[in-house]
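> Enclosed is the structure file my_file-v1.cif (mmCIF, C-alpha atoms).
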data_upload
loop_
_atom_site.label_atom_id
_atom_site.label_comp_id
_atom_site.auth_asym_id
_atom_site.auth_seq_id
_atom_site.Cartn_x
_atom_site.Cartn_y
_atom_site.Cartn_z
CA MET A 1 -208.05 -168.05 8.57
CA ILE A 2 -211.53 -166.86 7.67
CA GLY A 3 -212.49 -167.76 4.13
CA LEU A 4 -214.55 -165.76 1.66
CA THR A 5 -218.26 -166.42 1.32
CA ASP A 6 -219.90 -166.85 -2.06
CA GLU A 7 -221.41 -163.39 -1.65
CA GLU A 8 -217.97 -161.88 -1.00
CA ARG A 9 -216.48 -163.66 -3.99
CA ALA A 10 -219.20 -162.13 -6.15
CA ILE A 11 -218.77 -158.64 -4.72
CA TYR A 12 -214.96 -158.50 -4.79
CA GLU A 13 -214.42 -160.44 -8.01
CA TRP A 14 -213.25 -157.43 -10.00
CA GLN A 15 -210.71 -156.23 -7.44
CA MET A 16 -209.34 -159.74 -6.95
CA TRP A 17 -208.33 -159.48 -10.62
CA VAL A 18 -205.78 -156.82 -9.64
CA PRO A 19 -202.34 -158.39 -10.10
CA GLY A 20 -200.72 -159.07 -6.76
CA PHE A 21 -203.99 -158.72 -4.87
CA GLY A 22 -206.15 -161.76 -5.58
CA GLU A 23 -208.01 -163.81 -3.02
CA ALA A 24 -205.07 -163.63 -0.62
CA GLY A 25 -205.30 -159.83 -0.58
CA GLN A 26 -209.05 -159.95 -0.09
CA LEU A 27 -208.65 -162.28 2.87
CA LYS A 28 -206.07 -159.98 4.44
CA LEU A 29 -208.50 -157.06 4.15
CA LYS A 30 -211.33 -159.12 5.58
CA GLY A 31 -209.18 -159.94 8.59
CA ALA A 32 -207.96 -156.35 9.08
CA SER A 33 -209.16 -153.44 11.16
CA ALA A 34 -208.64 -149.70 10.80
CA LEU A 35 -209.15 -146.62 12.92
CA VAL A 36 -210.30 -143.48 11.11
CA SER A 37 -209.78 -140.38 13.22
CA ARG A 38 -212.51 -137.98 12.09
CA CYS A 39 -214.71 -139.11 9.29
CA GLY A 40 -215.53 -135.84 7.54
CA GLY A 41 -214.58 -134.49 4.14
CA LEU A 42 -211.43 -136.56 4.00
CA GLY A 43 -212.08 -139.43 6.40
CA GLY A 44 -215.59 -140.00 5.03
CA PRO A 45 -214.57 -140.85 1.46
CA LEU A 46 -211.64 -142.77 2.92
CA ALA A 47 -213.90 -144.91 5.12
CA TYR A 48 -216.27 -145.43 2.20
CA SER A 49 -213.38 -146.67 0.05
CA LEU A 50 -212.24 -149.07 2.78
CA ALA A 51 -215.81 -150.31 3.15
CA ALA A 52 -216.04 -150.81 -0.60
CA ALA A 53 -212.77 -152.73 -0.61
CA GLY A 54 -214.04 -155.11 2.06
CA ILE A 55 -212.07 -154.29 5.18
CA GLY A 56 -213.31 -156.40 8.10
CA ARG A 57 -213.72 -153.82 10.82
CA LEU A 58 -213.69 -150.03 11.03
CA VAL A 59 -213.38 -147.96 14.17
CA ILE A 60 -214.64 -144.43 13.61
CA ALA A 61 -213.81 -141.64 16.06
CA HIS A 62 -215.80 -138.48 15.44
CA ALA A 63 -217.59 -136.22 17.93
CA GLY A 64 -220.43 -133.77 17.47
CA ASN A 65 -223.66 -133.49 15.58
CA VAL A 66 -224.20 -132.99 11.86
CA VAL A 67 -224.37 -129.31 10.88
CA PRO A 68 -225.27 -127.82 7.48
CA SER A 69 -221.66 -126.79 6.77
CA ASP A 70 -220.62 -130.47 6.89
CA LEU A 71 -222.67 -131.24 3.84
CA ASN A 72 -220.47 -129.73 1.11
CA ARG A 73 -217.97 -132.53 1.57
CA GLN A 74 -218.79 -135.01 4.34
CA ILE A 75 -220.41 -137.67 2.20
CA LEU A 76 -221.34 -139.92 5.12
CA MET A 77 -223.55 -137.22 6.66
CA THR A 78 -227.14 -136.80 5.52
CA HIS A 79 -229.57 -133.88 5.55
CA ASP A 80 -232.06 -135.79 7.64
CA TRP A 81 -229.43 -136.21 10.35
CA ILE A 82 -228.70 -132.49 10.93
CA GLY A 83 -228.60 -131.92 14.67
CA ARG A 84 -227.99 -135.58 15.42
CA PRO A 85 -224.71 -137.42 16.13
CA ARG A 86 -222.30 -137.61 13.22
CA VAL A 87 -221.13 -141.11 14.11
CA GLU A 88 -224.68 -142.40 13.82
CA SER A 89 -224.97 -141.01 10.30
CA ILE A 90 -221.54 -142.41 9.43
CA ALA A 91 -222.31 -145.88 10.80
CA ARG A 92 -225.67 -145.97 9.04
CA ARG A 93 -224.25 -145.00 5.65
CA LEU A 94 -221.38 -147.48 5.96
CA ALA A 95 -223.77 -150.26 6.97
CA GLU A 96 -225.96 -149.53 3.96
CA PHE A 97 -222.97 -149.87 1.68
CA ASN A 98 -221.22 -152.82 3.30
CA PRO A 99 -223.40 -154.68 5.79
CA ARG A 100 -220.74 -157.36 6.23
CA MET A 101 -218.25 -154.91 7.77
CA ARG A 102 -218.23 -154.39 11.51
CA VAL A 103 -218.29 -150.71 12.50
CA GLU A 104 -217.44 -149.41 15.94
CA ALA A 105 -218.64 -145.82 16.10
CA VAL A 106 -217.04 -143.80 18.90
CA PRO A 107 -218.67 -140.38 19.42
CA GLU A 108 -215.39 -138.80 20.50
CA ASN A 109 -212.46 -137.11 18.84
CA VAL A 110 -208.94 -138.26 19.68
CA THR A 111 -207.65 -136.96 23.01
CA ASP A 112 -204.66 -137.76 25.19
CA GLN A 113 -207.07 -139.75 27.35
CA ASN A 114 -208.66 -142.01 24.73
CA VAL A 115 -205.89 -142.30 22.14
CA ALA A 116 -204.21 -145.43 23.53
CA ALA A 117 -207.47 -147.37 23.59
CA LEU A 118 -208.50 -146.18 20.13
CA VAL A 119 -205.18 -147.03 18.48
CA GLY A 120 -205.17 -150.35 20.30
CA LYS A 121 -208.37 -151.36 18.50
CA ALA A 122 -206.92 -151.30 14.99
CA ASP A 123 -204.17 -152.70 12.78
CA ILE A 124 -203.74 -149.41 10.92
CA VAL A 125 -204.63 -145.80 11.66
CA PHE A 126 -205.83 -143.04 9.34
CA ASP A 127 -205.20 -139.51 10.54
CA CYS A 128 -207.81 -137.15 9.12
CA ALA A 129 -208.43 -134.71 11.99
CA PRO A 130 -208.62 -130.95 11.48
CA LEU A 131 -206.57 -130.14 14.58
CA PHE A 132 -202.85 -130.68 15.05
CA SER A 133 -203.30 -131.57 18.73
CA GLU A 134 -205.30 -134.62 17.65
CA ARG A 135 -202.89 -135.49 14.87
CA LEU A 136 -199.82 -135.26 17.08
CA ALA A 137 -201.47 -137.32 19.86
CA LEU A 138 -202.37 -140.00 17.33
CA ASN A 139 -198.83 -139.95 15.96
CA ARG A 140 -197.28 -140.39 19.42
CA GLU A 141 -199.51 -143.36 20.16
CA CYS A 142 -198.97 -145.02 16.79
CA VAL A 143 -195.21 -144.79 17.28
CA ARG A 144 -195.58 -146.17 20.82
CA GLN A 145 -197.72 -149.08 19.67
CA GLY A 146 -195.79 -149.62 16.44
CA LYS A 147 -198.87 -149.13 14.25
CA PRO A 148 -198.71 -147.76 10.71
CA MET A 149 -200.40 -144.40 10.30
CA VAL A 150 -201.54 -142.91 7.02
CA GLU A 151 -201.41 -139.14 7.29
CA ALA A 152 -203.76 -137.18 5.03
CA ALA A 153 -204.53 -133.48 5.11
CA MET A 154 -205.72 -130.74 2.82
CA TYR A 155 -206.24 -127.01 2.52
CA SER A 156 -208.20 -125.19 -0.15
CA LEU A 157 -207.23 -126.77 -3.50
CA GLU A 158 -204.21 -128.62 -2.13
CA GLY A 159 -203.63 -131.82 -0.23
CA GLN A 160 -200.95 -134.12 1.06
CA VAL A 161 -200.62 -137.77 1.99
CA THR A 162 -197.79 -139.81 3.45
CA THR A 163 -197.51 -143.12 5.28
CA PHE A 164 -195.67 -143.41 8.55
CA LEU A 165 -194.24 -146.84 9.36
CA PRO A 166 -192.80 -146.75 12.90
CA GLY A 167 -189.11 -147.50 12.93
CA LYS A 168 -188.79 -147.22 9.18
CA THR A 169 -189.94 -143.75 8.20
CA PRO A 170 -190.20 -140.29 9.69
CA CYS A 171 -193.17 -139.68 11.97
CA LEU A 172 -195.48 -136.66 11.99
CA ALA A 173 -193.37 -134.97 14.66
CA CYS A 174 -190.32 -135.30 12.39
CA LEU A 175 -192.25 -133.44 9.72
CA TYR A 176 -194.00 -130.92 11.98
CA PRO A 177 -192.50 -130.93 15.49
CA GLU A 178 -195.09 -128.60 16.99
CA PRO A 179 -198.64 -127.44 16.28
CA PRO A 180 -198.47 -124.54 13.82
CA PRO A 181 -199.57 -121.37 15.59
CA HIS A 182 -201.39 -120.15 12.49
CA TRP A 183 -203.68 -123.14 11.95
CA LYS A 184 -207.39 -122.59 12.47
CA ARG A 185 -210.14 -125.16 12.89
CA GLN A 186 -212.03 -123.72 9.94
CA PHE A 187 -210.36 -123.92 6.55
CA PRO A 188 -211.33 -123.50 2.90
CA VAL A 189 -212.36 -126.81 1.35
CA ILE A 190 -213.97 -128.20 -1.78
CA GLY A 191 -215.26 -131.71 -1.24
CA ALA A 192 -213.65 -133.18 -4.33
CA VAL A 193 -210.24 -132.03 -3.12
CA SER A 194 -210.60 -133.52 0.36
CA ALA A 195 -212.07 -136.70 -1.16
CA LEU A 196 -208.99 -136.99 -3.35
CA ALA A 197 -206.76 -137.06 -0.28
CA GLY A 198 -209.12 -139.61 1.26
CA ALA A 199 -208.98 -141.86 -1.79
CA ILE A 200 -205.19 -141.72 -1.94
CA ALA A 201 -205.00 -142.47 1.79
CA ALA A 202 -207.36 -145.43 1.39
CA ALA A 203 -205.20 -146.81 -1.40
CA GLU A 204 -202.18 -146.43 0.85
CA GLY A 205 -203.91 -148.32 3.65
CA ILE A 206 -204.98 -151.14 1.36
CA LYS A 207 -201.41 -151.43 0.13
CA VAL A 208 -199.95 -151.52 3.64
CA LEU A 209 -202.50 -154.10 4.81
CA THR A 210 -202.08 -156.40 1.82
CA GLY A 211 -198.47 -155.85 0.79
CA LEU A 212 -199.51 -154.47 -2.59
CA GLY A 213 -197.20 -151.98 -4.32
CA GLU A 214 -195.01 -149.51 -2.45
CA PRO A 215 -196.45 -147.18 0.17
CA LEU A 216 -195.55 -143.51 0.45
CA ALA A 217 -192.87 -144.34 3.01
CA GLY A 218 -190.57 -141.36 3.44
CA ILE A 219 -192.42 -139.57 0.65
CA LEU A 220 -194.88 -136.73 1.09
CA LEU A 221 -197.23 -136.69 -1.88
CA TYR A 222 -198.33 -133.09 -2.35
CA TYR A 223 -200.98 -132.16 -4.89
CA ASP A 224 -202.29 -128.87 -6.11
CA THR A 225 -205.55 -129.26 -7.97
CA ALA A 226 -205.42 -125.61 -9.13
CA HIS A 227 -202.91 -126.84 -11.70
CA MET A 228 -203.34 -130.59 -11.16
CA THR A 229 -199.71 -131.02 -10.22
CA PHE A 230 -198.48 -133.84 -8.01
CA GLN A 231 -195.09 -133.77 -6.29
CA ARG A 232 -193.29 -136.53 -4.45
CA ILE A 233 -191.29 -134.81 -1.72
CA PRO A 234 -188.70 -136.93 0.10
CA ILE A 235 -188.99 -136.50 3.86
CA ALA A 236 -186.40 -137.56 6.40
CA ARG A 237 -186.39 -138.49 10.04
CA ARG A 238 -185.57 -135.57 12.30
CA PRO A 239 -182.47 -136.32 14.38
CA GLY A 240 -183.44 -136.39 18.03
CA CYS A 241 -187.17 -136.40 17.30
CA PRO A 242 -188.81 -136.55 20.75
CA VAL A 243 -191.47 -138.97 19.49
CA CYS A 244 -189.70 -141.52 17.30
CA GLY A 245 -186.13 -140.82 18.32
CA GLY A 246 -185.16 -140.08 14.76
CA SER A 247 -183.08 -143.24 14.58
CA PRO A 248 -183.85 -146.42 12.65
CA GLU A 249 -183.33 -148.87 15.51
CA ILE A 250 -186.83 -148.80 16.96
CA GLU A 251 -188.70 -152.12 17.13
CA THR A 252 -191.32 -152.31 14.42
CA LYS A 253 -194.57 -154.10 14.12
CA ASP A 254 -195.41 -155.05 10.59
CA ALA A 255 -198.91 -154.68 9.30
CA PRO A 256 -200.82 -157.97 9.04
CA MET B 1 -179.25 -113.88 -10.46
CA LYS B 2 -182.87 -114.97 -10.72
CA ILE B 3 -184.54 -117.27 -8.24
CA LYS B 4 -188.11 -118.56 -8.21
CA LEU B 5 -190.25 -118.76 -5.10
CA ILE B 6 -193.30 -121.03 -5.12
CA TYR B 7 -195.95 -120.74 -2.42
CA TYR B 8 -198.42 -123.36 -1.23
CA ALA B 9 -201.35 -123.58 1.16
CA GLN B 10 -201.58 -120.72 3.63
CA VAL B 11 -198.30 -119.24 2.43
CA ARG B 12 -199.95 -118.82 -0.97
CA ARG B 13 -202.88 -117.06 0.61
CA ALA B 14 -200.62 -114.76 2.66
CA ALA B 15 -198.50 -113.90 -0.39
CA ALA B 16 -201.60 -113.46 -2.56
CA MET B 17 -199.72 -115.14 -5.37
CA GLU B 18 -198.68 -118.62 -6.36
CA SER B 19 -195.11 -117.88 -7.34
CA GLU B 20 -192.71 -115.15 -8.27
CA THR B 21 -189.33 -114.87 -9.88
CA VAL B 22 -187.10 -112.30 -8.26
CA THR B 23 -183.65 -110.91 -8.74
CA ALA B 24 -181.45 -111.75 -5.77
CA ALA B 25 -177.97 -110.64 -4.86
CA ASP B 26 -175.24 -113.14 -5.66
CA GLY B 27 -174.16 -115.19 -2.69
CA ILE B 28 -177.32 -114.98 -0.58
CA GLY B 29 -178.54 -118.13 1.13
CA LEU B 30 -181.93 -119.72 1.39
CA ALA B 31 -182.85 -118.22 4.77
CA GLU B 32 -182.05 -114.76 3.55
CA ALA B 33 -184.17 -115.27 0.42
CA VAL B 34 -187.08 -116.32 2.63
CA ARG B 35 -186.61 -113.30 4.88
CA GLN B 36 -186.59 -111.01 1.85
CA ALA B 37 -189.83 -112.62 0.69
CA ALA B 38 -191.28 -111.89 4.13
CA GLU B 39 -190.29 -108.25 3.77
CA ARG B 40 -192.03 -108.03 0.40
CA HIS B 41 -195.25 -109.73 1.47
CA GLY B 42 -195.99 -108.12 4.82
CA GLU B 43 -196.96 -109.06 8.31
CA ALA B 44 -199.32 -111.98 7.67
CA PHE B 45 -196.71 -113.71 5.56
CA ARG B 46 -193.92 -112.91 7.99
CA THR B 47 -195.65 -114.30 11.06
CA LEU B 48 -196.69 -117.40 9.16
CA VAL B 49 -193.21 -118.21 7.93
CA LEU B 50 -190.83 -116.68 10.49
CA ASP B 51 -190.73 -116.80 14.26
CA ASP B 52 -190.07 -113.81 16.50
CA ALA B 53 -186.33 -114.28 16.10
CA GLY B 54 -186.63 -114.17 12.31
CA SER B 55 -185.90 -117.87 11.84
CA ILE B 56 -187.98 -120.06 9.54
CA ARG B 57 -190.64 -121.83 11.58
CA PRO B 58 -190.17 -125.61 11.90
CA VAL B 59 -193.75 -126.09 10.70
CA VAL B 60 -192.97 -124.52 7.35
CA LEU B 61 -191.51 -127.02 4.94
CA VAL B 62 -188.99 -125.31 2.69
CA LEU B 63 -187.87 -127.08 -0.45
CA LEU B 64 -184.84 -126.17 -2.49
CA ASN B 65 -185.32 -127.46 -6.03
CA GLY B 66 -187.99 -129.90 -4.81
CA VAL B 67 -186.01 -131.36 -1.91
CA PRO B 68 -186.51 -130.31 1.72
CA ALA B 69 -183.73 -128.01 2.80
CA THR B 70 -182.06 -128.90 6.04
CA ARG B 71 -182.29 -126.42 8.87
CA GLY B 72 -179.26 -124.24 8.62
CA GLU B 73 -178.85 -124.86 4.89
CA SER B 74 -175.80 -122.77 4.16
CA ARG B 75 -175.02 -123.04 0.50
CA ALA B 76 -175.29 -119.93 -1.59
CA LEU B 77 -178.23 -119.89 -3.95
CA ARG B 78 -177.54 -120.28 -7.63
CA ASP B 79 -179.19 -118.70 -10.64
CA GLY B 80 -182.38 -120.61 -11.45
CA ASP B 81 -182.86 -122.13 -8.00
CA GLU B 82 -186.45 -122.76 -6.95
CA ILE B 83 -187.57 -122.33 -3.35
CA SER B 84 -190.96 -123.78 -2.36
CA MET B 85 -192.69 -123.06 0.92
CA LEU B 86 -195.46 -125.26 2.33
CA SER B 87 -197.22 -124.48 5.57
CA ALA B 88 -198.39 -127.37 7.71
CA VAL B 89 -202.08 -128.09 7.05
CA ALA B 90 -204.59 -130.34 8.76
CA GLY B 91 -207.79 -129.88 6.84
CA GLY B 92 -209.95 -132.90 6.51
#
Give the structure from the file, written as structure tokens.

Amino acid sequence: MIGLTDEERAIYEWQMWVPGFGEAGQLKLKGASALVSRCGGLGGPLAYSLAAAGIGRLVIAHAGNVVPSDLNRQILMTHDWIGRPRVESIARRLAEFNPRMRVEAVPENVTDQNVAALVGKADIVFDCAPLFSERLALNRECVRQGKPMVEAAMYSLEGQVTTFLPGKTPCLACLYPEPPPHWKRQFPVIGAVSALAGAIAAAEGIKVLTGLGEPLAGILLYYDTAHMTFQRIPIARRPGCPVCGGSPEIETKDAP
Amino acid sequence: MKIKLIYYAQVRRAAAMESETVTAADGIGLAEAVRQAAERHGEAFRTLVLDDAGSIRPVVLVLLNGVPATRGESRALRDGDEISMLSAVAGG
């Protein structure tokens, strides 16, 4: 197993004090990889948190160029990069923060064509896309490959996070079996609210990768920052789910 | 009897309110309470929550007292019950 360098020991000293985490947890993170599908208002803070925590490798999938309306929330985009590829801005900002982390920047969003290869690159997947077609494709592939997927989404002043563990929990198609006809690509968003979902999702991923605490398995955490309320909503597998089968007998692949 | 309806995400926007407490006829079920809410709140709310056949859309998560109600939930509502409706969201 790869050890920690003196530099890494100095950087991660304070988080290795977390009970149950320690050097063993740090080493697990260093040896782990994650895919972040879309790295905007939610995925950006999430990726930044994973970079801060010392994950070994990040795969970022995000198409398009930086536009002014990204900049109220997408903290890995910069003004000087308007009109240029988002993934370049993301990779640059992440490298500034954690130059030890390997970043694979893919200038594409998830599609039916690239999803198998993208999911195959990582130990864990973070679903932060603004379109249900991307989310449901990612979900299908994570179930097929037995990869854990942290699902994070928001709207206006509200957000939700849950963690799907194939074979053990519901999947996204159990929760939402079809793309909602009413959903639109553009949605109201305050950056602090999307960043909150990203931070919770990052904490979930760190827990799954290191065995710390209990993930939101079978629990949808729903928050409403208008009143700062948080609800834990139990969610169940959907009998006959066309993606995960809705039965608990599926082979699972545990996170490293 | 009185029941409370709590709206989240786009349902909140369509209802133009966060919650309401209404008087409902004894013996009505959850689906009927949702349909009555759709009648009160108009077309945008109705198409968001109900399909063309008047059934609750699978992409709307309906909670009865904080727990997801199963499709076809048949028990009669009781005084003080709380129904929450969350539309599927994907913002990021």
> So how far away is atom CA of B:Ala33 from atom CA of B:Leu48, in Å?
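Computing it gives 15.4 Å between the two atoms.
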> Near stretch 14-27 of chain B, within 12 Å and counting only C-alpha atoms, which residues show up once chain neighbours fewer than 2 positions away are dropped, as a VMD selection string?
(chain A and resid 182 224 226 to 227) or (chain B and resid 1 to 12 29 to 49 74 to 87)
> Using all atoms listed in the file and a distance of at most 6 Å, pull out the residues of chain B that contact chain A, as a PyMOL selection string.
chain B and resi 59+90-92
> I need the residue nearest A:Gly120 from this list: A:Val66, A:Val59, A:Ile190, A:Val106. Use all atoms listed in the file for the distance.
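The answer is A:Val59, which sits nearest to A:Gly120.
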> What do you get, as a PyMOL selection string, if you spell out every residue that the PyMOL selection byres ((chain A and resi 75-90) around 7) selects here?
chain A and resi 41+44-45+62-68+71+73-74+91-94+105-107
> Given the choices A:Leu196, A:Ala51, A:Asn114, A:Leu165, which gets closest to A:Glu96 if the distance is worked out from all atoms listed in the file?
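Counting all atoms listed in the file, the residue closest to A:Glu96 is A:Ala51.
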> For A:Leu27, which residue out of A:Ile206, A:Leu220, A:Met228, A:Ala192 is the nearest one, using only C-alpha atoms?
A:Ile206
> Kindly write stretch 13-43 of chain B with N, CA and C atoms to a file, as an mmCIF file, in the first residue's frame.

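Output saved as part_7.cif:
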data_model
loop_
_atom_site.group_PDB
_atom_site.id
_atom_site.type_symbol
_atom_site.label_atom_id
_atom_site.label_comp_id
_atom_site.auth_asym_id
_atom_site.auth_seq_id
_atom_site.Cartn_x
_atom_site.Cartn_y
_atom_site.Cartn_z
ATOM 1 N N ARG B 13 -43.554 26.140 -5.341
ATOM 2 C CA ARG B 13 -43.667 27.267 -6.274
ATOM 3 C C ARG B 13 -45.045 27.260 -6.954
ATOM 4 N N ALA B 14 -45.502 26.074 -7.361
ATOM 5 C CA ALA B 14 -46.799 25.983 -8.051
ATOM 6 C C ALA B 14 -47.949 26.336 -7.115
ATOM 7 N N ALA B 15 -47.818 25.973 -5.841
ATOM 8 C CA ALA B 15 -48.880 26.265 -4.874
ATOM 9 C C ALA B 15 -48.815 27.709 -4.387
ATOM 10 N N ALA B 16 -47.644 28.337 -4.590
ATOM 11 C CA ALA B 16 -47.408 29.691 -4.080
ATOM 12 C C ALA B 16 -47.598 29.760 -2.576
ATOM 13 N N MET B 17 -47.307 28.688 -1.918
ATOM 14 C CA MET B 17 -47.332 28.665 -0.447
ATOM 15 C C MET B 17 -46.511 27.481 0.026
ATOM 16 N N GLU B 18 -46.081 27.565 1.270
ATOM 17 C CA GLU B 18 -45.259 26.485 1.815
ATOM 18 C C GLU B 18 -46.103 25.375 2.421
ATOM 19 N N SER B 19 -47.212 25.768 3.024
ATOM 20 C CA SER B 19 -48.071 24.755 3.652
ATOM 21 C C SER B 19 -49.452 25.337 3.863
ATOM 22 N N GLU B 20 -50.379 24.463 4.141
ATOM 23 C CA GLU B 20 -51.735 24.913 4.463
ATOM 24 C C GLU B 20 -52.397 23.836 5.315
ATOM 25 N N THR B 21 -53.270 24.283 6.159
ATOM 26 C CA THR B 21 -54.085 23.344 6.936
ATOM 27 C C THR B 21 -55.514 23.479 6.442
ATOM 28 N N VAL B 22 -56.095 22.370 6.056
ATOM 29 C CA VAL B 22 -57.427 22.419 5.452
ATOM 30 C C VAL B 22 -58.373 21.498 6.220
ATOM 31 N N THR B 23 -59.630 21.779 6.039
ATOM 32 C CA THR B 23 -60.654 20.895 6.600
ATOM 33 C C THR B 23 -61.019 19.873 5.530
ATOM 34 N N ALA B 24 -60.946 18.620 5.882
ATOM 35 C CA ALA B 24 -61.242 17.557 4.917
ATOM 36 C C ALA B 24 -62.384 16.700 5.453
ATOM 37 N N ALA B 25 -63.096 16.120 4.519
ATOM 38 C CA ALA B 25 -64.213 15.254 4.912
ATOM 39 C C ALA B 25 -63.676 13.989 5.583
ATOM 40 N N ASP B 26 -64.356 13.550 6.610
ATOM 41 C CA ASP B 26 -63.948 12.304 7.268
ATOM 42 C C ASP B 26 -63.923 11.168 6.253
ATOM 43 N N GLY B 27 -62.923 10.334 6.383
ATOM 44 C CA GLY B 27 -62.887 9.116 5.560
ATOM 45 C C GLY B 27 -62.152 9.244 4.250
ATOM 46 N N ILE B 28 -61.742 10.468 3.861
ATOM 47 C CA ILE B 28 -61.038 10.557 2.574
ATOM 48 C C ILE B 28 -59.623 10.003 2.713
ATOM 49 N N GLY B 29 -59.100 9.554 1.581
ATOM 50 C CA GLY B 29 -57.748 8.993 1.574
ATOM 51 C C GLY B 29 -56.739 10.005 1.082
ATOM 52 N N LEU B 30 -55.499 9.565 1.051
ATOM 53 C CA LEU B 30 -54.401 10.454 0.692
ATOM 54 C C LEU B 30 -54.522 10.948 -0.761
ATOM 55 N N ALA B 31 -54.819 10.036 -1.669
ATOM 56 C CA ALA B 31 -54.895 10.429 -3.077
ATOM 57 C C ALA B 31 -55.985 11.470 -3.290
ATOM 58 N N GLU B 32 -57.071 11.297 -2.602
ATOM 59 C CA GLU B 32 -58.168 12.256 -2.750
ATOM 60 C C GLU B 32 -57.752 13.614 -2.177
ATOM 61 N N ALA B 33 -57.038 13.615 -1.073
ATOM 62 C CA ALA B 33 -56.567 14.881 -0.490
ATOM 63 C C ALA B 33 -55.620 15.592 -1.452
ATOM 64 N N VAL B 34 -54.794 14.819 -2.145
ATOM 65 C CA VAL B 34 -53.879 15.433 -3.121
ATOM 66 C C VAL B 34 -54.672 15.979 -4.306
ATOM 67 N N ARG B 35 -55.655 15.233 -4.752
ATOM 68 C CA ARG B 35 -56.469 15.728 -5.876
ATOM 69 C C ARG B 35 -57.219 16.998 -5.487
ATOM 70 N N GLN B 36 -57.698 17.065 -4.273
ATOM 71 C CA GLN B 36 -58.393 18.280 -3.826
ATOM 72 C C GLN B 36 -57.423 19.463 -3.774
ATOM 73 N N ALA B 37 -56.187 19.180 -3.374
ATOM 74 C CA ALA B 37 -55.178 20.258 -3.384
ATOM 75 C C ALA B 37 -54.957 20.742 -4.813
ATOM 76 N N ALA B 38 -54.922 19.808 -5.751
ATOM 77 C CA ALA B 38 -54.736 20.171 -7.159
ATOM 78 C C ALA B 38 -55.888 21.045 -7.646
ATOM 79 N N GLU B 39 -57.074 20.747 -7.190
ATOM 80 C CA GLU B 39 -58.232 21.577 -7.583
ATOM 81 C C GLU B 39 -58.099 22.986 -7.012
ATOM 82 N N ARG B 40 -57.580 23.103 -5.824
ATOM 83 C CA ARG B 40 -57.454 24.431 -5.201
ATOM 84 C C ARG B 40 -56.368 25.263 -5.871
ATOM 85 N N HIS B 41 -55.283 24.600 -6.308
ATOM 86 C CA HIS B 41 -54.098 25.360 -6.719
ATOM 87 C C HIS B 41 -53.921 25.517 -8.221
ATOM 88 N N GLY B 42 -54.815 24.958 -9.014
ATOM 89 C CA GLY B 42 -54.802 25.282 -10.436
ATOM 90 C C GLY B 42 -53.946 24.376 -11.295
ATOM 91 N N GLU B 43 -53.865 24.797 -12.570
ATOM 92 C CA GLU B 43 -53.336 23.933 -13.613
ATOM 93 C C GLU B 43 -51.845 23.602 -13.424
#
